[in-house]
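Engineer: my_file_21.cif (mmCIF, C-alpha atoms and all ligand atoms) pasted underneath:
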data_query
#
loop_
_atom_site.label_atom_id
_atom_site.label_comp_id
_atom_site.auth_asym_id
_atom_site.auth_seq_id
_atom_site.Cartn_x
_atom_site.Cartn_y
_atom_site.Cartn_z
CA MET A 267 -7.24 19.57 -2.29
CA LYS A 268 -9.20 20.38 -5.42
CA LYS A 269 -7.66 18.29 -8.23
CA ILE A 270 -5.97 15.02 -7.34
CA LEU A 271 -3.55 13.15 -9.62
CA VAL A 272 -3.30 9.45 -8.71
CA ILE A 273 -0.15 7.90 -10.20
CA GLY A 274 -0.08 4.09 -10.24
CA ALA A 275 -3.89 4.08 -10.27
CA LEU A 276 -4.22 0.69 -11.98
CA GLY A 277 -2.54 -1.29 -9.19
CA GLN A 278 -3.97 -3.18 -6.23
CA ILE A 279 -4.49 -0.09 -4.06
CA GLY A 280 -4.87 2.56 -6.76
CA SER A 281 -7.74 0.78 -8.50
CA GLU A 282 -9.84 0.99 -5.32
CA LEU A 283 -8.47 4.21 -3.84
CA ALA A 284 -9.12 6.23 -7.00
CA ALA A 285 -12.65 4.77 -7.15
CA ALA A 286 -13.20 5.89 -3.54
CA PHE A 287 -11.85 9.36 -4.45
CA ASN A 288 -14.37 9.49 -7.31
CA GLU A 289 -17.20 8.90 -4.83
CA ARG A 290 -15.90 11.41 -2.32
CA TYR A 291 -14.54 14.26 -4.44
CA GLY A 292 -16.25 13.77 -7.84
CA LYS A 293 -14.63 12.05 -10.82
CA GLU A 294 -14.14 15.35 -12.63
CA ASN A 295 -11.58 16.16 -9.91
CA ILE A 296 -9.65 12.89 -10.07
CA ILE A 297 -7.06 12.38 -12.80
CA VAL A 298 -5.92 8.76 -12.92
CA ALA A 299 -2.50 7.90 -14.29
CA ASP A 300 -0.33 4.85 -14.80
CA VAL A 301 2.55 3.69 -16.97
CA ALA A 302 0.26 0.84 -18.10
CA ASP A 303 -2.82 1.25 -20.31
CA ASP A 304 -6.24 1.04 -18.68
CA LYS A 305 -7.05 -2.08 -20.71
CA ASN A 306 -9.78 -3.25 -18.33
CA LYS A 307 -11.49 0.15 -18.45
CA LEU A 308 -11.30 0.54 -14.67
CA PHE A 309 -11.96 4.26 -14.91
CA PRO A 310 -14.26 4.94 -17.86
CA GLY A 311 -15.47 8.27 -16.45
CA ASN A 312 -12.09 9.75 -15.49
CA ILE A 313 -9.41 11.54 -17.46
CA PHE A 314 -6.60 9.02 -17.84
CA GLU A 315 -3.00 10.17 -18.28
CA LYS A 316 -0.23 7.83 -19.33
CA ILE A 317 2.53 8.83 -16.90
CA ASP A 318 5.86 7.21 -16.21
CA VAL A 319 6.81 8.43 -12.76
CA THR A 320 10.50 8.36 -13.75
CA ASP A 321 9.75 10.94 -16.45
CA SER A 322 9.34 14.31 -14.73
CA ASP A 323 8.10 15.99 -17.93
CA SER A 324 5.02 13.75 -18.04
CA ILE A 325 4.20 14.60 -14.39
CA GLU A 326 4.67 18.34 -14.91
CA ALA A 327 2.62 18.32 -18.10
CA ALA A 328 -0.30 16.70 -16.26
CA ILE A 329 -0.04 19.17 -13.36
CA LYS A 330 -0.21 22.12 -15.77
CA ARG A 331 -2.89 20.60 -18.02
CA HIS A 332 -5.31 19.81 -15.20
CA GLY A 333 -4.43 22.34 -12.49
CA ILE A 334 -3.39 19.55 -10.11
CA ASP A 335 -2.88 20.55 -6.48
CA THR A 336 -2.53 17.10 -4.87
CA ILE A 337 -0.59 14.01 -5.96
CA VAL A 338 -1.05 10.52 -4.56
CA ASN A 339 1.88 8.49 -5.88
CA LEU A 340 1.32 4.73 -5.76
CA ALA A 341 3.79 3.77 -8.50
CA ALA A 342 6.28 1.34 -6.98
CA ILE A 343 8.13 -1.93 -7.25
CA LEU A 344 7.20 -4.15 -4.30
CA SER A 345 9.36 -6.38 -2.11
CA ALA A 346 9.61 -9.66 -4.03
CA THR A 347 10.04 -8.03 -7.45
CA GLY A 348 12.47 -5.56 -5.89
CA GLU A 349 14.74 -8.39 -4.70
CA LYS A 350 14.84 -9.72 -8.26
CA ASN A 351 15.56 -6.29 -9.73
CA PRO A 352 16.97 -3.92 -7.07
CA ALA A 353 18.09 -1.28 -9.61
CA LEU A 354 14.57 -1.02 -11.01
CA ALA A 355 13.15 -0.76 -7.46
CA TRP A 356 15.50 2.17 -6.78
CA LYS A 357 14.68 3.86 -10.10
CA ILE A 358 10.91 3.78 -9.67
CA ASN A 359 10.65 4.06 -5.89
CA ILE A 360 13.30 6.78 -5.42
CA ASP A 361 13.99 8.53 -8.74
CA GLY A 362 10.22 8.49 -9.38
CA LEU A 363 9.48 9.76 -5.89
CA LEU A 364 11.99 12.61 -6.28
CA ASN A 365 10.25 13.65 -9.50
CA VAL A 366 6.96 13.83 -7.60
CA ILE A 367 8.56 15.77 -4.73
CA HIS A 368 10.34 18.23 -7.04
CA SER A 369 7.13 18.81 -9.01
CA GLY A 370 5.30 19.34 -5.72
CA ILE A 371 7.78 22.04 -4.70
CA LYS A 372 7.97 23.66 -8.17
CA TYR A 373 4.19 23.91 -8.59
CA LYS A 374 3.51 24.67 -4.90
CA LEU A 375 1.14 21.72 -4.56
CA ASP A 376 -1.18 21.64 -1.57
CA ARG A 377 0.02 18.15 -0.50
CA ILE A 378 1.42 14.88 -1.75
CA MET A 379 0.88 11.41 -0.39
CA VAL A 380 3.24 8.46 -0.90
CA PRO A 381 2.75 5.16 0.93
CA SER A 382 5.50 3.57 2.92
CA SER A 383 5.42 -0.01 4.21
CA ILE A 384 6.13 -2.34 7.12
CA ALA A 385 9.15 -3.25 4.94
CA VAL A 386 11.04 -0.32 6.52
CA PHE A 387 11.72 -2.59 9.51
CA GLY A 388 14.46 -5.21 9.64
CA PRO A 389 16.33 -7.67 11.83
CA GLN A 390 17.17 -5.01 14.44
CA SER A 391 13.56 -3.91 14.92
CA VAL A 392 11.29 -5.20 17.69
CA LEU A 393 9.05 -7.97 16.29
CA TYR A 394 5.82 -7.35 18.26
CA ASN A 395 4.06 -4.03 18.60
CA THR A 396 6.93 -2.48 16.61
CA PRO A 397 7.21 1.22 17.50
CA GLN A 398 6.87 3.90 14.85
CA ASP A 399 10.07 5.69 15.80
CA THR A 400 12.73 3.02 16.04
CA VAL A 401 15.81 1.65 14.31
CA LEU A 402 15.15 1.19 10.56
CA VAL A 403 17.68 -1.11 8.89
CA PRO A 404 15.74 -3.19 6.36
CA ASN A 405 17.30 -6.10 4.49
CA THR A 406 15.45 -5.72 1.18
CA MET A 407 15.97 -3.10 -1.52
CA TYR A 408 12.24 -2.36 -1.32
CA GLY A 409 12.64 -1.63 2.40
CA VAL A 410 15.67 0.56 1.72
CA THR A 411 13.68 2.61 -0.79
CA LYS A 412 10.81 2.99 1.67
CA VAL A 413 13.12 4.23 4.45
CA VAL A 414 14.78 6.69 2.04
CA GLY A 415 11.35 7.77 0.80
CA GLU A 416 10.21 8.55 4.34
CA MET A 417 13.42 10.48 4.99
CA LEU A 418 13.09 12.48 1.77
CA GLY A 419 9.51 13.39 2.67
CA ASP A 420 10.61 14.53 6.10
CA TYR A 421 13.61 16.44 4.71
CA TYR A 422 11.65 18.36 2.09
CA PHE A 423 8.84 19.12 4.53
CA LYS A 424 11.33 20.72 6.90
CA LYS A 425 13.33 22.47 4.14
CA THR A 426 10.54 23.67 1.86
CA GLY A 427 7.24 23.17 3.69
CA LEU A 428 6.06 20.62 1.10
CA ASP A 429 3.17 18.81 2.82
CA PHE A 430 4.26 15.17 2.49
CA ARG A 431 2.12 12.41 4.01
CA GLY A 432 2.28 8.64 4.09
CA ILE A 433 1.25 5.47 5.89
CA ARG A 434 3.37 2.38 6.45
CA TYR A 435 0.74 0.05 5.05
CA PRO A 436 0.71 -3.52 6.35
CA GLY A 437 -0.07 -6.24 3.79
CA VAL A 438 -3.25 -5.20 1.99
CA ILE A 439 -6.03 -7.78 1.45
CA SER A 440 -8.41 -7.05 -1.41
CA ASN A 441 -10.55 -8.64 -4.11
CA LYS A 442 -10.62 -6.22 -7.06
CA THR A 443 -7.07 -6.06 -8.47
CA MET A 444 -4.50 -8.76 -7.75
CA PRO A 445 -1.41 -7.62 -5.80
CA GLY A 446 1.77 -7.05 -7.75
CA GLY A 447 4.97 -8.74 -6.58
CA GLY A 448 4.87 -8.50 -2.80
CA THR A 449 5.58 -10.84 0.12
CA THR A 450 2.11 -10.45 1.64
CA ASP A 451 0.42 -11.46 -1.64
CA TYR A 452 -0.27 -14.95 -0.25
CA ALA A 453 -3.02 -13.44 1.91
CA VAL A 454 -4.93 -12.54 -1.27
CA GLU A 455 -4.05 -15.54 -3.48
CA ILE A 456 -5.22 -17.97 -0.78
CA PHE A 457 -8.84 -16.78 -1.11
CA TYR A 458 -8.99 -17.33 -4.88
CA GLU A 459 -7.42 -20.80 -4.53
CA ALA A 460 -9.75 -21.67 -1.63
CA VAL A 461 -12.82 -20.81 -3.73
CA LYS A 462 -11.52 -22.38 -6.99
CA ASN A 463 -9.52 -25.45 -5.88
CA LYS A 464 -10.14 -25.84 -2.12
CA LYS A 465 -6.38 -25.98 -1.53
CA TYR A 466 -3.40 -23.63 -1.45
CA THR A 467 0.38 -24.02 -1.40
CA CYS A 468 1.83 -21.15 0.61
CA PHE A 469 5.22 -19.58 -0.17
CA LEU A 470 5.63 -18.50 3.48
CA SER A 471 5.88 -20.93 6.37
CA ALA A 472 2.95 -21.77 8.66
CA GLU A 473 4.13 -19.50 11.51
CA SER A 474 5.07 -16.34 9.48
CA CYS A 475 3.08 -13.72 11.38
CA LEU A 476 2.51 -10.40 9.61
CA PRO A 477 0.29 -7.35 10.11
CA MET A 478 -2.47 -7.02 7.50
CA ILE A 479 -5.31 -4.64 6.64
CA TYR A 480 -8.49 -5.11 4.60
CA MET A 481 -8.92 -2.72 1.67
CA PRO A 482 -11.91 -0.78 3.12
CA ASP A 483 -9.78 0.06 6.18
CA CYS A 484 -6.77 0.84 3.96
CA ILE A 485 -8.83 3.33 1.96
CA ARG A 486 -10.40 4.85 5.06
CA ALA A 487 -6.98 5.32 6.69
CA THR A 488 -5.57 6.91 3.54
CA ILE A 489 -8.42 9.39 3.22
CA MET A 490 -8.29 10.19 6.95
CA LEU A 491 -4.59 11.05 6.74
CA LEU A 492 -4.97 12.89 3.44
CA GLU A 493 -7.67 15.13 4.93
CA ALA A 494 -6.08 15.52 8.38
CA ASP A 495 -5.31 18.99 9.68
CA ARG A 496 -1.55 19.45 9.10
CA SER A 497 -1.17 21.34 12.38
CA LYS A 498 -2.20 18.16 14.25
CA LEU A 499 0.41 15.97 12.49
CA ARG A 500 3.76 15.46 14.18
CA HIS A 501 5.02 13.05 11.50
CA CYS A 502 5.17 13.05 7.70
CA GLY A 503 5.36 9.82 5.73
CA ASN A 504 5.91 7.17 8.37
CA TYR A 505 2.65 6.44 10.20
CA ASN A 506 2.32 2.86 11.48
CA VAL A 507 -1.24 1.62 10.95
CA GLY A 508 -2.42 -1.68 12.40
CA ALA A 509 -5.62 -3.63 11.88
CA MET A 510 -4.99 -7.39 12.37
CA SER A 511 -2.09 -9.84 12.53
CA PHE A 512 -2.09 -13.52 11.62
CA THR A 513 -0.02 -16.41 10.29
CA PRO A 514 -0.90 -18.45 7.19
CA GLU A 515 -1.99 -21.23 9.55
CA ILE A 516 -4.41 -18.97 11.43
CA LEU A 517 -5.77 -17.62 8.14
CA ALA A 518 -6.25 -21.16 6.79
CA ASP A 519 -8.12 -22.17 9.97
CA GLU A 520 -10.45 -19.19 9.54
CA ILE A 521 -11.09 -20.10 5.88
CA LYS A 522 -11.87 -23.70 6.95
CA LYS A 523 -14.77 -22.40 9.04
CA HIS A 524 -16.41 -21.49 5.68
CA ILE A 525 -14.89 -24.19 3.44
CA PRO A 526 -14.28 -27.24 5.70
CA GLU A 527 -12.55 -29.24 2.94
CA PHE A 528 -9.94 -26.50 2.37
CA THR A 529 -6.32 -27.62 2.84
CA ILE A 530 -3.04 -25.73 2.94
CA ASP A 531 0.53 -26.92 2.53
CA TYR A 532 3.79 -25.00 2.67
CA ARG A 533 6.64 -24.59 0.22
CA PRO A 534 8.52 -21.57 1.60
CA ASP A 535 10.71 -19.68 -0.88
CA PHE A 536 12.86 -16.51 -0.67
CA ARG A 537 9.82 -14.52 0.42
CA ARG A 538 9.87 -16.41 3.74
CA GLU A 539 13.22 -14.71 4.45
CA ILE A 540 11.74 -11.31 3.65
CA ALA A 541 8.77 -11.90 5.97
CA ARG A 542 11.02 -13.20 8.78
CA TYR A 543 12.26 -9.70 9.64
CA TRP A 544 9.04 -7.76 9.18
CA PRO A 545 6.94 -6.98 12.26
CA ALA A 546 4.31 -9.39 13.54
CA SER A 547 2.31 -6.39 14.74
CA VAL A 548 2.79 -2.61 14.87
CA ASP A 549 2.25 0.12 17.43
CA ASP A 550 -0.01 2.63 15.68
CA SER A 551 -0.61 4.93 18.64
CA ALA A 552 0.67 7.99 16.71
CA ALA A 553 -1.94 7.47 13.96
CA ARG A 554 -4.63 7.00 16.61
CA ALA A 555 -3.62 10.09 18.56
CA GLU A 556 -2.82 12.45 15.67
CA TRP A 557 -5.57 11.68 13.16
CA GLY A 558 -8.00 9.36 14.90
CA TRP A 559 -7.10 6.01 13.30
CA GLN A 560 -9.25 3.06 14.43
CA PRO A 561 -9.52 -0.14 12.37
CA GLU A 562 -12.96 -1.60 11.64
CA TRP A 563 -12.14 -4.94 9.98
CA ASP A 564 -10.82 -7.93 11.96
CA LEU A 565 -9.84 -11.36 10.60
CA PRO A 566 -13.22 -13.19 10.87
CA HIS A 567 -15.14 -10.38 9.14
CA THR A 568 -12.45 -9.96 6.47
CA VAL A 569 -12.43 -13.69 5.66
CA ALA A 570 -16.23 -13.86 5.48
CA ASP A 571 -16.37 -10.82 3.19
CA MET A 572 -13.50 -11.97 0.93
CA LEU A 573 -14.98 -15.47 0.47
CA GLY A 574 -18.48 -14.07 -0.05
CA THR A 575 -17.30 -11.59 -2.69
CA ILE A 576 -14.96 -13.94 -4.58
CA GLY A 577 -17.39 -16.86 -4.24
CA SER A 578 -20.14 -14.83 -5.93
CA ARG A 579 -18.03 -14.53 -9.10
CA ASN A 580 -17.68 -17.08 -11.90
CA LEU A 581 -14.00 -17.92 -11.46
P1 LIG B 601 0.89 -2.41 -7.43
O1 LIG B 601 2.14 -3.03 -7.88
O2 LIG B 601 -0.34 -3.23 -7.35
O3 LIG B 601 0.55 -1.14 -8.32
C1 LIG B 601 1.54 -0.23 -8.72
C2 LIG B 601 1.06 0.48 -9.96
O4 LIG B 601 2.10 1.37 -10.36
C3 LIG B 601 0.79 -0.46 -11.15
O5 LIG B 601 -0.47 -0.17 -11.71
C4 LIG B 601 1.92 -0.17 -12.12
O6 LIG B 601 1.54 -0.29 -13.49
C5 LIG B 601 2.24 1.28 -11.76
N1 LIG B 601 3.61 1.63 -12.12
C6 LIG B 601 4.72 0.86 -12.07
N2 LIG B 601 5.77 1.54 -12.54
C7 LIG B 601 5.32 2.77 -12.87
C8 LIG B 601 5.93 3.90 -13.40
N3 LIG B 601 7.24 3.92 -13.73
N4 LIG B 601 5.18 5.01 -13.60
C9 LIG B 601 3.87 5.01 -13.32
N5 LIG B 601 3.22 3.94 -12.83
C10 LIG B 601 3.95 2.83 -12.59
O7 LIG B 601 1.20 -1.73 -6.01
P2 LIG B 601 0.18 -1.46 -4.81
O8 LIG B 601 0.11 -2.70 -4.01
O9 LIG B 601 -1.05 -0.83 -5.32
O10 LIG B 601 1.05 -0.43 -3.96
C11 LIG B 601 0.85 0.96 -4.00
C12 LIG B 601 1.77 1.59 -2.98
O11 LIG B 601 1.46 1.08 -1.67
C13 LIG B 601 3.26 1.31 -3.20
O12 LIG B 601 4.00 2.43 -2.80
C14 LIG B 601 3.54 0.17 -2.24
O13 LIG B 601 4.88 0.15 -1.85
C15 LIG B 601 2.63 0.53 -1.09
N6 LIG B 601 2.28 -0.62 -0.26
C16 LIG B 601 1.48 -1.59 -0.73
C17 LIG B 601 1.15 -2.67 0.08
C18 LIG B 601 0.25 -3.77 -0.38
O14 LIG B 601 0.08 -4.77 0.36
N7 LIG B 601 -0.37 -3.66 -1.55
C19 LIG B 601 1.66 -2.72 1.38
C20 LIG B 601 2.52 -1.73 1.81
C21 LIG B 601 2.81 -0.66 0.99
C1 LIG B 602 4.93 -6.37 -0.02
O1 LIG B 602 4.69 -7.50 0.46
O2 LIG B 602 5.96 -6.07 -0.64
C2 LIG B 602 3.92 -5.28 0.24
C3 LIG B 602 4.27 -4.54 1.48
C4 LIG B 602 3.88 -5.07 2.80
O3 LIG B 602 4.88 -3.51 1.40
N1 LIG B 602 2.62 -5.87 0.30
#
Take the structure from the file and write it as structure tokens.
Structural biologist:
Amino acid sequence: MKKILVIGALGQIGSELAAAFNERYGKENIIVADVADDKNKLFPGNIFEKIDVTDSDSIEAAIKRHGIDTIVNLAAILSATGEKNPALAWKINIDGLLNVIHSGIKYKLDRIMVPSSIAVFGPQSVLYNTPQDTVLVPNTMYGVTKVVGEMLGDYYFKKTGLDFRGIRYPGVISNKTMPGGGTTDYAVEIFYEAVKNKKYTCFLSAESCLPMIYMPDCIRATIMLLEADRSKLRHCGNYNVGAMSFTPEILADEIKKHIPEFTIDYRPDFRREIARYWPASVDDSAARAEWGWQPEWDLPHTVADMLGTIGSRNL
């Protein structure tokens, strides 16, 4: 891992993961890329490449130009947007992924990392402590692309030796870049509304329980898996990772401990149906055993940190 190309670097996870890579590996070794322009100058000290992951030429050109040996591909269409435009979700999440995989094989890259999601699970999966290796029949196009993505990673690892790694992230809570079109986005929006307006209307119902992770843990997990000794890994792109689980009601109660006048009401929409068949919690024993995963952030500490950080800004 000497030169890392981060595709989709301007998104919710990429904007913080690439910054963490800068700290750890040196910004001269991190090439950030996105189909969008870096209008907010998130990465002033990095080389920025405009890459459309569905265009294999632009990926290959960047690999050759910068001597890339590792790709972290974060370009994706998430669950809610994917239900509105399933063909686009397939194009970016699968055609784009295949471009990354084929480039990885062609240029003999050291490793590639592509996140999966709790969206791989569906109505036939166990709801609590959902096992890693279990039936995967999702009922969203996003979930379908994530299952196929995991299978492609596994297939090409076995066929070609391409070192493919990935975590099934839970919903990611963060305060730098807003999430883009997911079902777990409420767990970020609620903090901004709590600070600004002291109230929030939730698009899930009060009892929708989902696994979540705070960004510092998400980044730590990603780096741990990226750096893990391949010989210790028995899986490729499908590691369950847990940190905390809560419903909108539990989250609202925790926020009220800091903002007593905060209120929440519920207007569930189609995203409630997506959340209904995702796990309430996951069994992450493989991640713990194979690469030492251990979460550090629970709900009370996450809420205190989110409100403190967002509250210190002029919204
Ligand atoms: P995001 O939507 O915030 O960011 C995606 C980025 O990809 C954006 O900057 C977008 O401009 C870029 N992009 C879109 N189409 C592109 C294309 N054709 N070529 C290049 N770049 C393109 O997503 P995120 O939340 O940062 O998610 C990153 C990865 O993590 C995705 O694979 C997602 O499925 C996975 N994931 C995220 C969460 C979460 O809660 N954020 C949870 C589970 C899994
Ligand atoms: C989404 O809600 O689509 C994502 C995810 C859990 O994959 N945040």
Engineer: Which one of A:Ala342, A:Leu271, A:Ala453, A:Ala328 sits closest to ligand LIG 601 (chain B) if you count all atoms listed in the file?
Structural biologist: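 When distances to ligand LIG 601 (chain B) are compared using all atoms listed in the file, the smallest one comes from A:Ala342.
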Engineer: Name the residues, by chain letter and number, that sit within 8 Å of ligand LIG 602 (chain B) using only C-alpha atoms and all ligand atoms, and give them as an MDAnalysis selection string.
Structural biologist: chainID A and resid 344:346 382:385 408 434:438 445 447:451
Engineer: Report the distance between atom CA of Lys424 of chain A and atom CA of Asn339 of chain A in Å, rounded to one decimal place.
Structural biologist: 20.1 Å
Engineer: Have a look at atom CA of Ala487 of chain A and atom CA of Glu416 of chain A and let me know their distance in Å, one decimal.
Structural biologist: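 Separating atom CA of Ala487 of chain A from atom CA of Glu416 of chain A is a distance of 17.6 Å.
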Engineer: Padding of 3 Å on every side, edges along x, y and z, all listed atoms of ligand LIG 601 (chain B) included: what centre and edge lengths in Å, to one decimal, does that box have, as JSON?
Structural biologist:
{"center_x": 3.1, "center_y": 0.1, "center_z": -6.0, "size_x": 14.3, "size_y": 15.8, "size_z": 21.5}
Engineer: What's the 12 Å shell around Asp519 of chain A, counting all atoms listed in the file, without same-chain residues fewer than 2 positions away, as a PyMOL selection string?
Structural biologist: chain A and resi 456+460+472+512-517+521-530+565-566+569
Engineer: I'd like to know which of A:Cys475, A:Met490, A:Leu470, A:Ile325 is closest to ligand LIG 601 (chain B), using only C-alpha atoms and all ligand atoms.
Structural biologist: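 The answer is A:Ile325, which sits nearest to ligand LIG 601 (chain B).
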Engineer: Which of these residues is nearest to ligand LIG 601 (chain B), using all atoms listed in the file: A:Val403, A:Ile297, A:Ile479, A:Ile270?
Structural biologist: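 Between A:Val403, A:Ile297, A:Ile479, A:Ile270, the residue approaching ligand LIG 601 (chain B) most closely is A:Ile479.
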Engineer: Hey, which of A:Cys484, A:Ala518, A:Cys502, A:Met478 ends up closest to Phe423 of chain A? Count all atoms listed in the file.
Structural biologist: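 For Phe423 of chain A, the nearest of the candidates is A:Cys502.
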Engineer: Can you work out which one of A:Thr406, A:Asn395, A:Thr575, A:Asn463 has the shortest atom-to-atom distance to Trp356 of chain A, counting all atoms listed in the file?
Structural biologist: A:Thr406
Engineer: If we count all atoms listed in the file and set the cut-off at 7 Å, which residues sit around Val380 of chain A, ignoring sequence neighbours fewer than 2 positions away in its own chain? Please answer as a list in words.
Structural biologist: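 Once the nearby chain positions are removed, what remains is Val338, Asn339, Leu340, Ile378, Ser382, Arg431 and Gly432 of chain A.
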Engineer: Can you tell me how far atom CA of Lys442 of chain A sits from atom CA of Asp535 of chain A, in Å to one decimal?
Structural biologist: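 Computing the Euclidean distance for atom CA of Lys442 of chain A and atom CA of Asp535 of chain A yields 26.0 Å.
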Engineer: Counting all atoms listed in the file, which residues come within 12 Å of (13.9, 8.6, 4.5), with the point read in the file's coordinates, and could you list them as a PyMOL selection string?
Structural biologist: chain A and resi 359-360+363-364+380+382+386+402-403+409-423+430+432+502-504
Engineer: Measuring atom to atom with all atoms listed in the file, identify which of A:His368, A:Asn506, A:Arg496, A:Lys425 is nearest to ligand LIG 601 (chain B).
Structural biologist: A:Asn506
Engineer: When you look at Ile329 of chain A with a cut-off of 8 Å (counting all atoms listed in the file), what residues show up, excluding the ones that are within fewer than 5 positions of it in the same chain? I need them as a PyMOL selection string.
Structural biologist: chain A and resi 271+334-335+373
Engineer: Would you kindly place N, CA, C and O atoms on segment 530-544 of chain A and return the model as a tab-separated table (two decimals), in the coordinates of the input?
Structural biologist:
chain	number	residue	atom	x	y	z
A	530	ILE	N	-4.20	-26.57	3.25
A	530	ILE	CA	-3.04	-25.73	2.94
A	530	ILE	C	-1.77	-26.55	3.15
A	530	ILE	O	-1.72	-27.40	4.05
A	531	ASP	N	-0.80	-26.38	2.25
A	531	ASP	CA	0.53	-26.92	2.53
A	531	ASP	C	1.55	-25.81	2.29
A	531	ASP	O	1.17	-24.72	1.82
A	532	TYR	N	2.80	-26.08	2.63
A	532	TYR	CA	3.79	-25.00	2.67
A	532	TYR	C	5.02	-25.35	1.86
A	532	TYR	O	5.57	-26.44	2.00
A	533	ARG	N	5.38	-24.45	0.96
A	533	ARG	CA	6.64	-24.59	0.22
A	533	ARG	C	7.34	-23.22	0.28
A	533	ARG	O	7.30	-22.44	-0.69
A	534	PRO	N	7.95	-22.91	1.43
A	534	PRO	CA	8.52	-21.57	1.60
A	534	PRO	C	9.63	-21.29	0.59
A	534	PRO	O	10.44	-22.19	0.30
A	535	ASP	N	9.63	-20.08	0.03
A	535	ASP	CA	10.71	-19.68	-0.88
A	535	ASP	C	11.39	-18.42	-0.32
A	535	ASP	O	11.27	-18.14	0.87
A	536	PHE	N	12.09	-17.67	-1.16
A	536	PHE	CA	12.86	-16.51	-0.67
A	536	PHE	C	11.99	-15.48	0.05
A	536	PHE	O	12.48	-14.70	0.88
A	537	ARG	N	10.70	-15.50	-0.23
A	537	ARG	CA	9.82	-14.52	0.42
A	537	ARG	C	9.68	-14.80	1.92
A	537	ARG	O	9.41	-13.91	2.71
A	538	ARG	N	9.89	-16.07	2.30
A	538	ARG	CA	9.87	-16.41	3.74
A	538	ARG	C	10.96	-15.61	4.47
A	538	ARG	O	10.75	-15.13	5.59
A	539	GLU	N	12.11	-15.44	3.83
A	539	GLU	CA	13.22	-14.71	4.45
A	539	GLU	C	12.91	-13.22	4.55
A	539	GLU	O	13.36	-12.54	5.46
A	540	ILE	N	12.15	-12.72	3.57
A	540	ILE	CA	11.74	-11.31	3.65
A	540	ILE	C	10.79	-11.13	4.84
A	540	ILE	O	10.96	-10.25	5.68
A	541	ALA	N	9.80	-12.02	4.91
A	541	ALA	CA	8.77	-11.90	5.97
A	541	ALA	C	9.37	-12.07	7.37
A	541	ALA	O	8.88	-11.48	8.33
A	542	ARG	N	10.43	-12.86	7.47
A	542	ARG	CA	11.02	-13.20	8.78
A	542	ARG	C	11.37	-11.94	9.60
A	542	ARG	O	11.26	-11.94	10.81
A	543	TYR	N	11.79	-10.88	8.91
A	543	TYR	CA	12.26	-9.70	9.64
A	543	TYR	C	11.28	-8.53	9.60
A	543	TYR	O	11.61	-7.41	9.99
A	544	TRP	N	10.08	-8.79	9.10
A	544	TRP	CA	9.04	-7.76	9.18
A	544	TRP	C	8.30	-7.94	10.49
A	544	TRP	O	8.29	-9.03	11.06
